[in-house]
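Here's the structure, in structure tokens; my notes come after.
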2 protein chains.
Amino acid sequence: MAPDRNRRRIPDATVSRLPVYLRILGEQHDLGVDSISSDRLAELGGVNAAKVRKDLSYLGSYGTRGVGYEVAYLIFQIQRELGLTHDWPVVIVGAGNLGQALSGYGGFGARGFPVAGLVDVDASKVGTLVGGVRVRSIDELPQIVQSKRVSIGIVATPTASAQDAADRLVAAGVTSILNFAPTVLSVPPSIEVRKVDLAVELQILSYHEQRRIAGGAATTAARPRAVSAS
Amino acid sequence: MAPDRNRRRIPDATVSRLPVYLRILGEQHDLGVDSISSDRLAELGGVNAAKVRKDLSYLGSYGTRGVGYEVAYLIFQIQRELGLTHDWPVVIVGAGNLGQALSGYGGFGARGFPVAGLVDVDASKVGTLVGGVRVRSIDELPQIVQSKRVSIGIVATPTASAQDAADRLVAAGVTSILNFAPTVLSVPPSIEVRKVDLAVELQILSYHEQRRIAGGAATTAARPRAVSAS
DNA sequence: CGGGCTTTGTGAACGCGTGCACGAGTGCCT
DNA sequence: AGGCACTCGTGCACGCGTTCACAAAGCCCG
Ligand SMILES: NC(=O)c1ccc[n+]([C@@H]2O[C@H](COP(=O)([O-])OP(=O)(O)OC[C@H]3O[C@@H](n4cnc5c(N)ncnc54)[C@H](O)[C@@H]3O)[C@@H](O)[C@H]2O)c1
Ligand SMILES: NC(=O)c1ccc[n+]([C@@H]2O[C@H](COP(=O)([O-])OP(=O)(O)OC[C@H]3O[C@@H](n4cnc5c(N)ncnc54)[C@H](O)[C@@H]3O)[C@@H](O)[C@H]2O)c1
């Protein structure tokens, strides 16, 4: 029977909130605040205070009863747990609308995710400068990943090419992928994939809007929309 | 007809998966497939087959035992449930990097979310054409929302202005907000807010990368790791 | 027309996340 | 020093979501 073999595991739900706490703590730190209570942190983060304390307790007992948490120290602990003590260079595949916006956005580098490369298949785009980043050929992907020690890849290609982009990223040695294309990627189980699907977000909002109306009158006119998979 | 009681509530987790099923069904429909089993749909969606069936059962019993689901009919039912039987025009606040990428992206209009307006405070941007959409002054926001019957707003301003943008959207009559700024918006409880925070996504990936390294030594344990689909 | 095959729909068990409630520790004030 | 006010850390119960397992239901074929 393995005792505590697997490293202190932090629940997924908690992991997804830690970055939020981290950002708030950073803001408070900049404001000169050096101690903060779970109540205040919960208020700023829009969550329950008990949840904040439980989340932070997974990192260890870094609070002081009767006082709160020391902001600077807590920031360090969260960064350590999230692996943010060093930079994680990322490579972006697809220099289109979205890829360009991402490259031009300084927020990533500032948060420890510098753009190590931006690649595209379109020869006419290769060599052009986009948001301070030069577009390179997708053939250089393995070389970029290897030399810059990139482990996170971003898929910003059209839907039809997303699987190809993911395959190339995996082949090049990337182990985590952030996918912006509205499609389910098929990758080896050891690869971590997260998706950002704006259409899904809008459709969830649509559901709630429709539901909001449903209380009033009869069902809305049912005209089937064209089914298209772009 | 059967006594159609008030709309049954659909679990949040299910609502967030319905758009995925819908997209897959659309693709299959375009491929000429007119019947599909929960097994196949689960495979394409990267989820459990029982989950698919349970999710779809919230819409009603629209499958045929021994056969599967009729693709076209199921598409219609999901669209009806998500409120996609008609368009939901959206208004984008902030015509910067991201706002422009969103405006230029045709995928929204194609999926029933046409851009009814793109507004900005920057006078030098007002009047310019971005991705086929003309940037208008933020002062016109109420008028746009009213005349175009907009109920969904998108915040694409810098972090510091996000709360202001949200306030203006709410004041103008918008009831759902999609927030791209990395900040917690404060809005009346009746307003539905969803956020898309790329930094959070990257930091979650960072956590897993860091963890991968930390436990790399003796961890050959075959702990089945499903592809995380949030 | 009945038997075998397929697939749905769902009851039930399980596991995880949430939020409450409260004991335990800390600092401050008298 | 003792009391008091405050806040953390966490045991516990509850509810939601996931998954299994299987009866019900439909199709096909001989
Ligand atoms: N632009 C947006 O606002 C937006 C919003 C939501 C979702 N998306 C999604 O993001 C993705 C990109 O959108 P976009 O607007 O930037 O598209 P785009 O067409 O503007 O750009 C895609 C780029 O990818 C390149 N590309 C194509 N195949 C490739 C391959 N196999 N390898 C490498 N590069 C390849 C193309 O040359 C092009 O430069 C799409 O899947 C889209 O659905 C975009
Ligand atoms: N660009 C990206 O790839 C990216 C990625 C992740 C997150 N984000 C987030 O998206 C948001 C926008 O990013 P961006 O790169 O487009 O920024 P940007 O600076 O390029 O554009 C912001 C735009 O908002 C306008 N604006 C400012 N205050 C406003 C107000 N009160 N009302 C209306 N408009 C206002 C500005 O004039 C500007 O045109 C930011 O919060 C950023 O953190 C962007």
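Residue numbering restarts at 1 in every chain; chains get A, B, ... in the order shown in the structure tokens, and ligands count up from 1 in that same order.
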
Kindly work out which residues sit at most 8 Å from ligand 2, using only C-alpha atoms (C1' of nucleotides) and all ligand atoms, and give the list as a PDB file with N, CA, C and O atoms, in the first residue's frame.
ATOM      1  N   LEU A  98      -6.215  35.699 -34.954  1.00  0.00           N
ATOM      2  CA  LEU A  98      -6.039  35.455 -33.532  1.00  0.00           C
ATOM      3  C   LEU A  98      -4.567  35.352 -33.143  1.00  0.00           C
ATOM      4  O   LEU A  98      -4.130  35.949 -32.154  1.00  0.00           O
ATOM      5  N   GLY A  99      -3.809  34.624 -33.932  1.00  0.00           N
ATOM      6  CA  GLY A  99      -2.389  34.465 -33.641  1.00  0.00           C
ATOM      7  C   GLY A  99      -1.687  35.807 -33.559  1.00  0.00           C
ATOM      8  O   GLY A  99      -0.822  36.024 -32.699  1.00  0.00           O
ATOM      9  N   GLN A 100      -2.070  36.723 -34.419  1.00  0.00           N
ATOM     10  CA  GLN A 100      -1.467  38.047 -34.404  1.00  0.00           C
ATOM     11  C   GLN A 100      -1.864  38.823 -33.153  1.00  0.00           C
ATOM     12  O   GLN A 100      -1.039  39.505 -32.537  1.00  0.00           O
ATOM     13  N   ALA A 101      -3.124  38.709 -32.791  1.00  0.00           N
ATOM     14  CA  ALA A 101      -3.589  39.410 -31.590  1.00  0.00           C
ATOM     15  C   ALA A 101      -2.850  38.890 -30.360  1.00  0.00           C
ATOM     16  O   ALA A 101      -2.436  39.660 -29.494  1.00  0.00           O
ATOM     17  N   LEU A 102      -2.657  37.591 -30.323  1.00  0.00           N
ATOM     18  CA  LEU A 102      -1.970  36.986 -29.180  1.00  0.00           C
ATOM     19  C   LEU A 102      -0.505  37.432 -29.138  1.00  0.00           C
ATOM     20  O   LEU A 102       0.031  37.757 -28.073  1.00  0.00           O
ATOM     21  N   SER A 103       0.119  37.453 -30.306  1.00  0.00           N
ATOM     22  CA  SER A 103       1.529  37.836 -30.361  1.00  0.00           C
ATOM     23  C   SER A 103       1.725  39.286 -29.933  1.00  0.00           C
ATOM     24  O   SER A 103       2.714  39.626 -29.289  1.00  0.00           O
ATOM     25  N   GLY A 104       0.777  40.115 -30.332  1.00  0.00           N
ATOM     26  CA  GLY A 104       0.894  41.535 -30.027  1.00  0.00           C
ATOM     27  C   GLY A 104       0.508  41.881 -28.605  1.00  0.00           C
ATOM     28  O   GLY A 104       0.714  43.002 -28.144  1.00  0.00           O
ATOM     29  N   TYR A 105      -0.007  40.915 -27.909  1.00  0.00           N
ATOM     30  CA  TYR A 105      -0.455  41.158 -26.547  1.00  0.00           C
ATOM     31  C   TYR A 105       0.712  40.989 -25.584  1.00  0.00           C
ATOM     32  O   TYR A 105       1.290  39.921 -25.477  1.00  0.00           O
ATOM     33  N   GLY A 106       1.064  42.046 -24.914  1.00  0.00           N
ATOM     34  CA  GLY A 106       2.204  41.974 -24.010  1.00  0.00           C
ATOM     35  C   GLY A 106       1.941  41.267 -22.706  1.00  0.00           C
ATOM     36  O   GLY A 106       2.856  40.926 -21.967  1.00  0.00           O
ATOM     37  N   GLY A 107       0.676  41.029 -22.422  1.00  0.00           N
ATOM     38  CA  GLY A 107       0.298  40.449 -21.140  1.00  0.00           C
ATOM     39  C   GLY A 107       0.896  39.084 -20.849  1.00  0.00           C
ATOM     40  O   GLY A 107       1.117  38.729 -19.700  1.00  0.00           O
ATOM     41  N   PHE A 108       1.181  38.327 -21.887  1.00  0.00           N
ATOM     42  CA  PHE A 108       1.702  36.983 -21.672  1.00  0.00           C
ATOM     43  C   PHE A 108       3.134  37.010 -21.167  1.00  0.00           C
ATOM     44  O   PHE A 108       3.461  36.377 -20.166  1.00  0.00           O
TER      45      PHE A 108
ATOM     46  N   VAL B  93     -17.172  45.908 -26.772  1.00  0.00           N
ATOM     47  CA  VAL B  93     -16.646  47.155 -26.215  1.00  0.00           C
ATOM     48  C   VAL B  93     -15.127  47.067 -26.179  1.00  0.00           C
ATOM     49  O   VAL B  93     -14.562  46.222 -25.477  1.00  0.00           O
ATOM     50  N   GLY B  94     -14.468  47.943 -26.917  1.00  0.00           N
ATOM     51  CA  GLY B  94     -13.014  47.926 -26.996  1.00  0.00           C
ATOM     52  C   GLY B  94     -12.540  47.436 -28.350  1.00  0.00           C
ATOM     53  O   GLY B  94     -12.628  46.257 -28.662  1.00  0.00           O
ATOM     54  N   ALA B  95     -12.050  48.367 -29.178  1.00  0.00           N
ATOM     55  CA  ALA B  95     -11.645  48.003 -30.537  1.00  0.00           C
ATOM     56  C   ALA B  95     -10.128  47.888 -30.632  1.00  0.00           C
ATOM     57  O   ALA B  95      -9.515  48.395 -31.582  1.00  0.00           O
ATOM     58  N   GLY B  96      -9.511  47.256 -29.656  1.00  0.00           N
ATOM     59  CA  GLY B  96      -8.058  47.096 -29.677  1.00  0.00           C
ATOM     60  C   GLY B  96      -7.663  45.829 -30.392  1.00  0.00           C
ATOM     61  O   GLY B  96      -8.359  45.351 -31.291  1.00  0.00           O
ATOM     62  N   ASN B  97      -6.530  45.328 -29.984  1.00  0.00           N
ATOM     63  CA  ASN B  97      -6.018  44.075 -30.503  1.00  0.00           C
ATOM     64  C   ASN B  97      -7.078  42.988 -30.601  1.00  0.00           C
ATOM     65  O   ASN B  97      -7.354  42.442 -31.661  1.00  0.00           O
ATOM     66  N   LEU B  98      -7.651  42.720 -29.462  1.00  0.00           N
ATOM     67  CA  LEU B  98      -8.601  41.626 -29.362  1.00  0.00           C
ATOM     68  C   LEU B  98      -9.943  41.959 -30.019  1.00  0.00           C
ATOM     69  O   LEU B  98     -10.500  41.147 -30.761  1.00  0.00           O
ATOM     70  N   GLY B  99     -10.452  43.148 -29.739  1.00  0.00           N
ATOM     71  CA  GLY B  99     -11.730  43.555 -30.309  1.00  0.00           C
ATOM     72  C   GLY B  99     -11.711  43.470 -31.826  1.00  0.00           C
ATOM     73  O   GLY B  99     -12.694  43.068 -32.456  1.00  0.00           O
ATOM     74  N   GLN B 100     -10.579  43.838 -32.410  1.00  0.00           N
ATOM     75  CA  GLN B 100     -10.468  43.777 -33.867  1.00  0.00           C
ATOM     76  C   GLN B 100     -10.451  42.342 -34.366  1.00  0.00           C
ATOM     77  O   GLN B 100     -11.078  42.014 -35.377  1.00  0.00           O
ATOM     78  N   VAL B 119     -17.660  49.326 -30.225  1.00  0.00           N
ATOM     79  CA  VAL B 119     -17.505  50.698 -29.725  1.00  0.00           C
ATOM     80  C   VAL B 119     -16.189  50.872 -28.966  1.00  0.00           C
ATOM     81  O   VAL B 119     -15.597  49.907 -28.476  1.00  0.00           O
ATOM     82  N   ASP B 120     -15.743  52.113 -28.888  1.00  0.00           N
ATOM     83  CA  ASP B 120     -14.480  52.429 -28.228  1.00  0.00           C
ATOM     84  C   ASP B 120     -14.532  53.871 -27.716  1.00  0.00           C
ATOM     85  O   ASP B 120     -15.298  54.686 -28.205  1.00  0.00           O
ATOM     86  N   VAL B 121     -13.725  54.164 -26.711  1.00  0.00           N
ATOM     87  CA  VAL B 121     -13.652  55.535 -26.204  1.00  0.00           C
ATOM     88  C   VAL B 121     -12.651  56.362 -27.001  1.00  0.00           C
ATOM     89  O   VAL B 121     -12.747  57.584 -27.048  1.00  0.00           O
ATOM     90  N   ASP B 122     -11.702  55.692 -27.586  1.00  0.00           N
ATOM     91  CA  ASP B 122     -10.646  56.374 -28.319  1.00  0.00           C
ATOM     92  C   ASP B 122     -11.210  57.038 -29.585  1.00  0.00           C
ATOM     93  O   ASP B 122     -11.580  56.366 -30.543  1.00  0.00           O
ATOM     94  N   LYS B 125     -10.086  56.154 -33.039  1.00  0.00           N
ATOM     95  CA  LYS B 125     -10.487  54.870 -33.622  1.00  0.00           C
ATOM     96  C   LYS B 125     -11.906  54.906 -34.151  1.00  0.00           C
ATOM     97  O   LYS B 125     -12.276  54.128 -35.039  1.00  0.00           O
ATOM     98  N   ILE B 138     -18.469  55.116 -27.879  1.00  0.00           N
ATOM     99  CA  ILE B 138     -19.095  54.397 -26.781  1.00  0.00           C
ATOM    100  C   ILE B 138     -20.374  55.089 -26.326  1.00  0.00           C
ATOM    101  O   ILE B 138     -21.244  54.469 -25.699  1.00  0.00           O
ATOM    102  N   VAL B 155     -16.708  42.364 -23.359  1.00  0.00           N
ATOM    103  CA  VAL B 155     -15.750  43.332 -22.831  1.00  0.00           C
ATOM    104  C   VAL B 155     -14.352  42.986 -23.340  1.00  0.00           C
ATOM    105  O   VAL B 155     -13.808  41.927 -23.012  1.00  0.00           O
ATOM    106  N   ALA B 156     -13.781  43.881 -24.153  1.00  0.00           N
ATOM    107  CA  ALA B 156     -12.442  43.669 -24.707  1.00  0.00           C
ATOM    108  C   ALA B 156     -11.598  44.920 -24.502  1.00  0.00           C
ATOM    109  O   ALA B 156     -10.838  45.324 -25.372  1.00  0.00           O
ATOM    110  N   THR B 157     -11.754  45.524 -23.355  1.00  0.00           N
ATOM    111  CA  THR B 157     -10.981  46.725 -23.007  1.00  0.00           C
ATOM    112  C   THR B 157      -9.820  46.321 -22.098  1.00  0.00           C
ATOM    113  O   THR B 157      -9.782  45.194 -21.610  1.00  0.00           O
ATOM    114  N   PRO B 158      -8.894  47.235 -21.857  1.00  0.00           N
ATOM    115  CA  PRO B 158      -7.837  46.940 -20.889  1.00  0.00           C
ATOM    116  C   PRO B 158      -8.461  46.661 -19.521  1.00  0.00           C
ATOM    117  O   PRO B 158      -9.588  47.073 -19.243  1.00  0.00           O
ATOM    118  N   THR B 159      -7.711  45.985 -18.683  1.00  0.00           N
ATOM    119  CA  THR B 159      -8.209  45.607 -17.366  1.00  0.00           C
ATOM    120  C   THR B 159      -8.784  46.783 -16.593  1.00  0.00           C
ATOM    121  O   THR B 159      -9.859  46.676 -15.982  1.00  0.00           O
ATOM    122  N   ALA B 160      -8.066  47.876 -16.607  1.00  0.00           N
ATOM    123  CA  ALA B 160      -8.468  49.033 -15.812  1.00  0.00           C
ATOM    124  C   ALA B 160      -9.838  49.582 -16.222  1.00  0.00           C
ATOM    125  O   ALA B 160     -10.546  50.179 -15.408  1.00  0.00           O
ATOM    126  N   SER B 161     -10.214  49.394 -17.479  1.00  0.00           N
ATOM    127  CA  SER B 161     -11.481  49.934 -17.971  1.00  0.00           C
ATOM    128  C   SER B 161     -12.606  48.917 -17.999  1.00  0.00           C
ATOM    129  O   SER B 161     -13.744  49.252 -18.330  1.00  0.00           O
ATOM    130  N   ALA B 162     -12.295  47.690 -17.652  1.00  0.00           N
ATOM    131  CA  ALA B 162     -13.277  46.615 -17.791  1.00  0.00           C
ATOM    132  C   ALA B 162     -14.534  46.849 -16.952  1.00  0.00           C
ATOM    133  O   ALA B 162     -15.651  46.650 -17.424  1.00  0.00           O
ATOM    134  N   ASP B 164     -15.719  49.677 -15.949  1.00  0.00           N
ATOM    135  CA  ASP B 164     -16.454  50.779 -16.569  1.00  0.00           C
ATOM    136  C   ASP B 164     -17.239  50.274 -17.778  1.00  0.00           C
ATOM    137  O   ASP B 164     -18.419  50.607 -17.959  1.00  0.00           O
ATOM    138  N   ALA B 165     -16.595  49.482 -18.582  1.00  0.00           N
ATOM    139  CA  ALA B 165     -17.255  48.927 -19.766  1.00  0.00           C
ATOM    140  C   ALA B 165     -18.469  48.091 -19.352  1.00  0.00           C
ATOM    141  O   ALA B 165     -19.545  48.203 -19.950  1.00  0.00           O
ATOM    142  N   PHE B 180     -13.283  39.410 -21.363  1.00  0.00           N
ATOM    143  CA  PHE B 180     -11.943  38.958 -21.731  1.00  0.00           C
ATOM    144  C   PHE B 180     -10.865  39.584 -20.866  1.00  0.00           C
ATOM    145  O   PHE B 180      -9.707  39.187 -20.928  1.00  0.00           O
ATOM    146  N   ALA B 181     -11.233  40.587 -20.094  1.00  0.00           N
ATOM    147  CA  ALA B 181     -10.236  41.242 -19.248  1.00  0.00           C
ATOM    148  C   ALA B 181     -10.006  40.400 -18.002  1.00  0.00           C
ATOM    149  O   ALA B 181     -10.945  39.840 -17.441  1.00  0.00           O
ATOM    150  N   PRO B 182      -8.751  40.300 -17.563  1.00  0.00           N
ATOM    151  CA  PRO B 182      -8.452  39.469 -16.397  1.00  0.00           C
ATOM    152  C   PRO B 182      -8.816  40.176 -15.102  1.00  0.00           C
ATOM    153  O   PRO B 182      -7.943  40.577 -14.334  1.00  0.00           O
ATOM    154  N   VAL B 196     -13.287  34.769 -19.978  1.00  0.00           N
ATOM    155  CA  VAL B 196     -12.307  34.014 -20.745  1.00  0.00           C
ATOM    156  C   VAL B 196     -10.970  34.623 -20.383  1.00  0.00           C
ATOM    157  O   VAL B 196     -10.660  35.739 -20.778  1.00  0.00           O
ATOM    158  N   ASP B 197     -10.206  33.889 -19.572  1.00  0.00           N
ATOM    159  CA  ASP B 197      -8.945  34.437 -19.082  1.00  0.00           C
ATOM    160  C   ASP B 197      -7.793  33.543 -19.539  1.00  0.00           C
ATOM    161  O   ASP B 197      -7.541  32.483 -18.981  1.00  0.00           O
ATOM    162  N   LEU B 198      -7.097  34.011 -20.541  1.00  0.00           N
ATOM    163  CA  LEU B 198      -6.041  33.192 -21.132  1.00  0.00           C
ATOM    164  C   LEU B 198      -4.884  32.973 -20.180  1.00  0.00           C
ATOM    165  O   LEU B 198      -4.279  31.904 -20.155  1.00  0.00           O
ATOM    166  N   ALA B 199      -4.587  33.980 -19.371  1.00  0.00           N
ATOM    167  CA  ALA B 199      -3.485  33.836 -18.418  1.00  0.00           C
ATOM    168  C   ALA B 199      -3.792  32.713 -17.440  1.00  0.00           C
ATOM    169  O   ALA B 199      -2.915  31.923 -17.079  1.00  0.00           O
TER     170      ALA B 199
END

Using only C-alpha atoms (C1' of nucleotides), which residues sit within 9 Å of region 151-154 of chain A once same-chain residues fewer than 3 positions away are excluded, as number ranges by chain? A: 88-94, 99, 145, 166, 169-170, 173-180; B: 202, 205-206, 209

Please list as a tab-separated table (two decimals) with N, CA and C atoms (P, O5', C5', C4', C3', O3' and C1' of nucleotides), in the first residue's frame every residue within 10 Å of region 22-29 of chain D, counting only C-alpha atoms (C1' of nucleotides) and excluding residues in the same chain fewer than 6 positions away.
chain	number	residue	atom	x	y	z
B	64	THR	N	-33.66	6.65	-30.58
B	64	THR	CA	-34.40	5.43	-30.89
B	64	THR	C	-33.55	4.24	-30.47
B	65	ARG	N	-34.07	3.48	-29.54
B	65	ARG	CA	-33.31	2.36	-29.02
B	65	ARG	C	-32.96	1.37	-30.11
B	66	GLY	N	-31.75	0.91	-30.07
B	66	GLY	CA	-31.29	-0.02	-31.07
B	66	GLY	C	-30.74	0.67	-32.30
B	67	VAL	N	-31.01	1.98	-32.41
B	67	VAL	CA	-30.59	2.72	-33.60
B	67	VAL	C	-29.65	3.87	-33.26
C	3	DG	P	-38.52	-17.28	-28.93
C	3	DG	O5'	-36.99	-17.61	-29.22
C	3	DG	C5'	-36.58	-17.96	-30.55
C	3	DG	C4'	-35.34	-17.17	-30.92
C	3	DG	C3'	-34.50	-16.70	-29.73
C	3	DG	O3'	-33.14	-16.93	-30.02
C	3	DG	C1'	-35.06	-14.84	-31.08
C	4	DG	P	-31.99	-16.81	-28.94
C	4	DG	O5'	-30.99	-15.79	-29.63
C	4	DG	C5'	-30.76	-15.86	-31.05
C	4	DG	C4'	-30.21	-14.54	-31.54
C	4	DG	C3'	-29.22	-13.89	-30.57
C	4	DG	O3'	-28.12	-13.40	-31.32
C	4	DG	C1'	-30.93	-12.36	-31.09
C	5	DC	P	-26.78	-12.86	-30.59
C	5	DC	O5'	-26.74	-11.37	-31.11
C	5	DC	C5'	-27.04	-11.08	-32.48
C	5	DC	C4'	-27.24	-9.60	-32.65
C	5	DC	C3'	-26.31	-8.74	-31.77
C	5	DC	O3'	-25.67	-7.76	-32.56
C	5	DC	C1'	-28.57	-8.07	-31.48
C	6	DT	P	-24.52	-6.83	-31.90
C	6	DT	O5'	-25.29	-5.43	-31.81
C	6	DT	C5'	-25.98	-4.94	-32.96
C	6	DT	C4'	-26.81	-3.73	-32.56
C	6	DT	C3'	-26.05	-2.70	-31.71
C	6	DT	O3'	-26.16	-1.44	-32.33
C	6	DT	C1'	-28.14	-3.24	-30.71
C	7	DT	P	-25.16	-0.26	-31.94
C	7	DT	O5'	-26.10	0.60	-30.99
C	7	DT	C5'	-27.32	1.08	-31.52
C	7	DT	C4'	-28.16	1.66	-30.41
C	7	DT	C3'	-27.39	2.56	-29.42
C	7	DT	O3'	-28.11	3.77	-29.27
C	7	DT	C1'	-28.68	0.98	-28.25
C	8	DT	P	-27.54	4.96	-28.39
C	8	DT	O5'	-28.87	5.35	-27.63
C	8	DT	C5'	-30.08	5.43	-28.37
C	8	DT	C4'	-31.26	5.18	-27.45
C	8	DT	C3'	-31.39	6.21	-26.31
C	8	DT	O3'	-32.73	6.65	-26.24
C	8	DT	C1'	-31.30	4.01	-25.41
C	9	DG	P	-33.08	8.05	-25.55
C	9	DG	O5'	-33.40	7.58	-24.06
C	9	DG	C5'	-34.55	6.81	-23.82
C	9	DG	C4'	-34.60	6.40	-22.36
C	9	DG	C3'	-34.38	7.53	-21.36
C	9	DG	O3'	-35.34	7.37	-20.32
C	9	DG	C1'	-32.86	5.78	-20.93
C	10	DT	P	-35.53	8.45	-19.20
C	10	DT	O5'	-34.94	7.72	-17.91
C	10	DT	C5'	-35.36	6.40	-17.59
C	10	DT	C4'	-34.52	5.87	-16.45
C	10	DT	C3'	-34.13	6.91	-15.38
C	10	DT	O3'	-34.19	6.27	-14.11
C	10	DT	C1'	-32.23	5.83	-16.12
C	11	DG	P	-35.21	6.81	-13.04
C	11	DG	O5'	-34.94	5.81	-11.84
C	11	DG	C5'	-35.15	4.41	-12.03
C	11	DG	C4'	-34.13	3.61	-11.26
C	11	DG	C3'	-33.80	4.14	-9.87
C	11	DG	O3'	-33.61	3.03	-9.00
C	11	DG	C1'	-31.83	4.10	-11.18

Within 10 Å of chain A, which residues of chain C show up when using only C-alpha atoms (C1' of nucleotides), listed as a PyMOL selection string? chain C and resi 16-20+24-27

Residue hits in chain D, query chain A, radius 6 Å, only C-alpha atoms (C1' of nucleotides), as a PyMOL selection string: chain D and resi 6-8

DSSP strand (DSSP E or B) residues within region 53-150 of chain B, listed as a PyMOL selection string: chain B and resi 63-64+68-70+90-93+115-120+129-130+133-137

Keeping N, CA, C and O atoms for every residue in the selection just given, could you write it to a file as a short mmCIF file (atom, residue, chain, number, x, y, z; two decimals), in the first residue's frame?
data_model
loop_
_atom_site.label_atom_id
_atom_site.label_comp_id
_atom_site.auth_asym_id
_atom_site.auth_seq_id
_atom_site.Cartn_x
_atom_site.Cartn_y
_atom_site.Cartn_z
N GLY B 63 -34.05 9.79 -28.79
CA GLY B 63 -33.29 8.73 -29.44
C GLY B 63 -34.18 7.55 -29.77
O GLY B 63 -35.32 7.48 -29.31
N THR B 64 -33.66 6.65 -30.58
CA THR B 64 -34.40 5.43 -30.89
C THR B 64 -33.55 4.24 -30.47
O THR B 64 -32.44 4.07 -30.96
N GLY B 68 -30.15 4.80 -32.46
CA GLY B 68 -29.35 5.97 -32.15
C GLY B 68 -30.20 7.23 -32.23
O GLY B 68 -31.41 7.17 -32.04
N TYR B 69 -29.56 8.34 -32.54
CA TYR B 69 -30.26 9.61 -32.63
C TYR B 69 -30.28 10.08 -34.07
O TYR B 69 -29.29 9.97 -34.79
N GLU B 70 -31.41 10.63 -34.48
CA GLU B 70 -31.49 11.21 -35.81
C GLU B 70 -30.78 12.55 -35.77
O GLU B 70 -31.18 13.45 -35.00
N VAL B 90 -24.49 40.69 -30.83
CA VAL B 90 -23.63 41.06 -29.71
C VAL B 90 -22.99 42.42 -29.97
O VAL B 90 -22.87 42.85 -31.11
N VAL B 91 -22.59 43.07 -28.90
CA VAL B 91 -21.88 44.33 -29.05
C VAL B 91 -20.53 44.17 -28.36
O VAL B 91 -20.44 43.60 -27.27
N ILE B 92 -19.48 44.63 -29.03
CA ILE B 92 -18.12 44.50 -28.50
C ILE B 92 -17.64 45.86 -28.01
O ILE B 92 -17.71 46.85 -28.74
N VAL B 93 -17.17 45.91 -26.77
CA VAL B 93 -16.65 47.15 -26.21
C VAL B 93 -15.13 47.07 -26.18
O VAL B 93 -14.56 46.22 -25.48
N VAL B 115 -22.13 40.58 -35.07
CA VAL B 115 -21.64 41.76 -34.35
C VAL B 115 -22.51 42.96 -34.70
O VAL B 115 -22.43 43.50 -35.80
N ALA B 116 -23.32 43.37 -33.74
CA ALA B 116 -24.24 44.48 -33.96
C ALA B 116 -23.54 45.81 -33.80
O ALA B 116 -24.04 46.85 -34.25
N GLY B 117 -22.39 45.78 -33.16
CA GLY B 117 -21.68 47.02 -32.95
C GLY B 117 -20.34 46.80 -32.30
O GLY B 117 -20.11 45.81 -31.61
N LEU B 118 -19.40 47.74 -32.56
CA LEU B 118 -18.07 47.70 -31.98
C LEU B 118 -17.79 49.12 -31.52
O LEU B 118 -17.73 50.05 -32.35
N VAL B 119 -17.66 49.33 -30.23
CA VAL B 119 -17.50 50.70 -29.73
C VAL B 119 -16.19 50.87 -28.97
O VAL B 119 -15.60 49.91 -28.48
N ASP B 120 -15.74 52.11 -28.89
CA ASP B 120 -14.48 52.43 -28.23
C ASP B 120 -14.53 53.87 -27.72
O ASP B 120 -15.30 54.69 -28.20
N LEU B 129 -12.69 51.54 -40.08
CA LEU B 129 -13.33 50.28 -40.42
C LEU B 129 -12.44 49.12 -39.96
O LEU B 129 -11.26 49.07 -40.26
N VAL B 130 -13.02 48.22 -39.21
CA VAL B 130 -12.26 47.09 -38.68
C VAL B 130 -12.98 45.78 -38.99
O VAL B 130 -14.08 45.55 -38.50
N VAL B 133 -16.44 46.06 -39.90
CA VAL B 133 -17.31 46.73 -38.92
C VAL B 133 -16.76 48.12 -38.64
O VAL B 133 -15.56 48.30 -38.45
N ARG B 134 -17.64 49.10 -38.61
CA ARG B 134 -17.20 50.45 -38.35
C ARG B 134 -17.21 50.71 -36.84
O ARG B 134 -18.18 50.40 -36.16
N VAL B 135 -16.11 51.24 -36.34
CA VAL B 135 -16.02 51.53 -34.91
C VAL B 135 -16.87 52.76 -34.59
O VAL B 135 -16.79 53.78 -35.27
N ARG B 136 -17.68 52.63 -33.56
CA ARG B 136 -18.54 53.76 -33.17
C ARG B 136 -18.19 54.22 -31.77
O ARG B 136 -17.52 53.51 -31.01
N SER B 137 -18.66 55.39 -31.43
CA SER B 137 -18.36 55.95 -30.12
C SER B 137 -19.09 55.18 -29.04
O SER B 137 -20.20 54.68 -29.24
#

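Nearest-residue note for chain B: choosing from A:Ala172, A:Leu44, A:Val126, A:Ile75, the minimum distance belongs to A:Leu44, counting only C-alpha atoms.
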
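Counting only C-alpha atoms and comparing A:Ala110, A:Ile10, A:Leu31, A:Ile204, the residue that lies closest to chain B is A:Ile204.
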
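Checking A:Gln163, A:Gln143, A:Gly132, A:Leu59 one by one against ligand 1, counting only C-alpha atoms and all ligand atoms, you find the shortest gap at A:Gln163.
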
DSSP on the backbone, then: every residue of region 16-214 of chain A marked alpha helix (DSSP H), written as number ranges by chain. A: 16-30, 38-45, 49-57, 71-82, 97-104, 107-110, 141-148, 159-172, 198-214

Rounded to one decimal place, report the CA of Ser35 (chain A)-C1' of DT10 (chain D) distance in Å.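 Computing the Euclidean distance for CA of Ser35 (chain A) and C1' of DT10 (chain D) yields 22.1 Å.
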
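For the pair atom 6 (C, counted along the ligand's line) of ligand 1 and CA of Pro114 (chain B), the interatomic distance is 13.0 Å.
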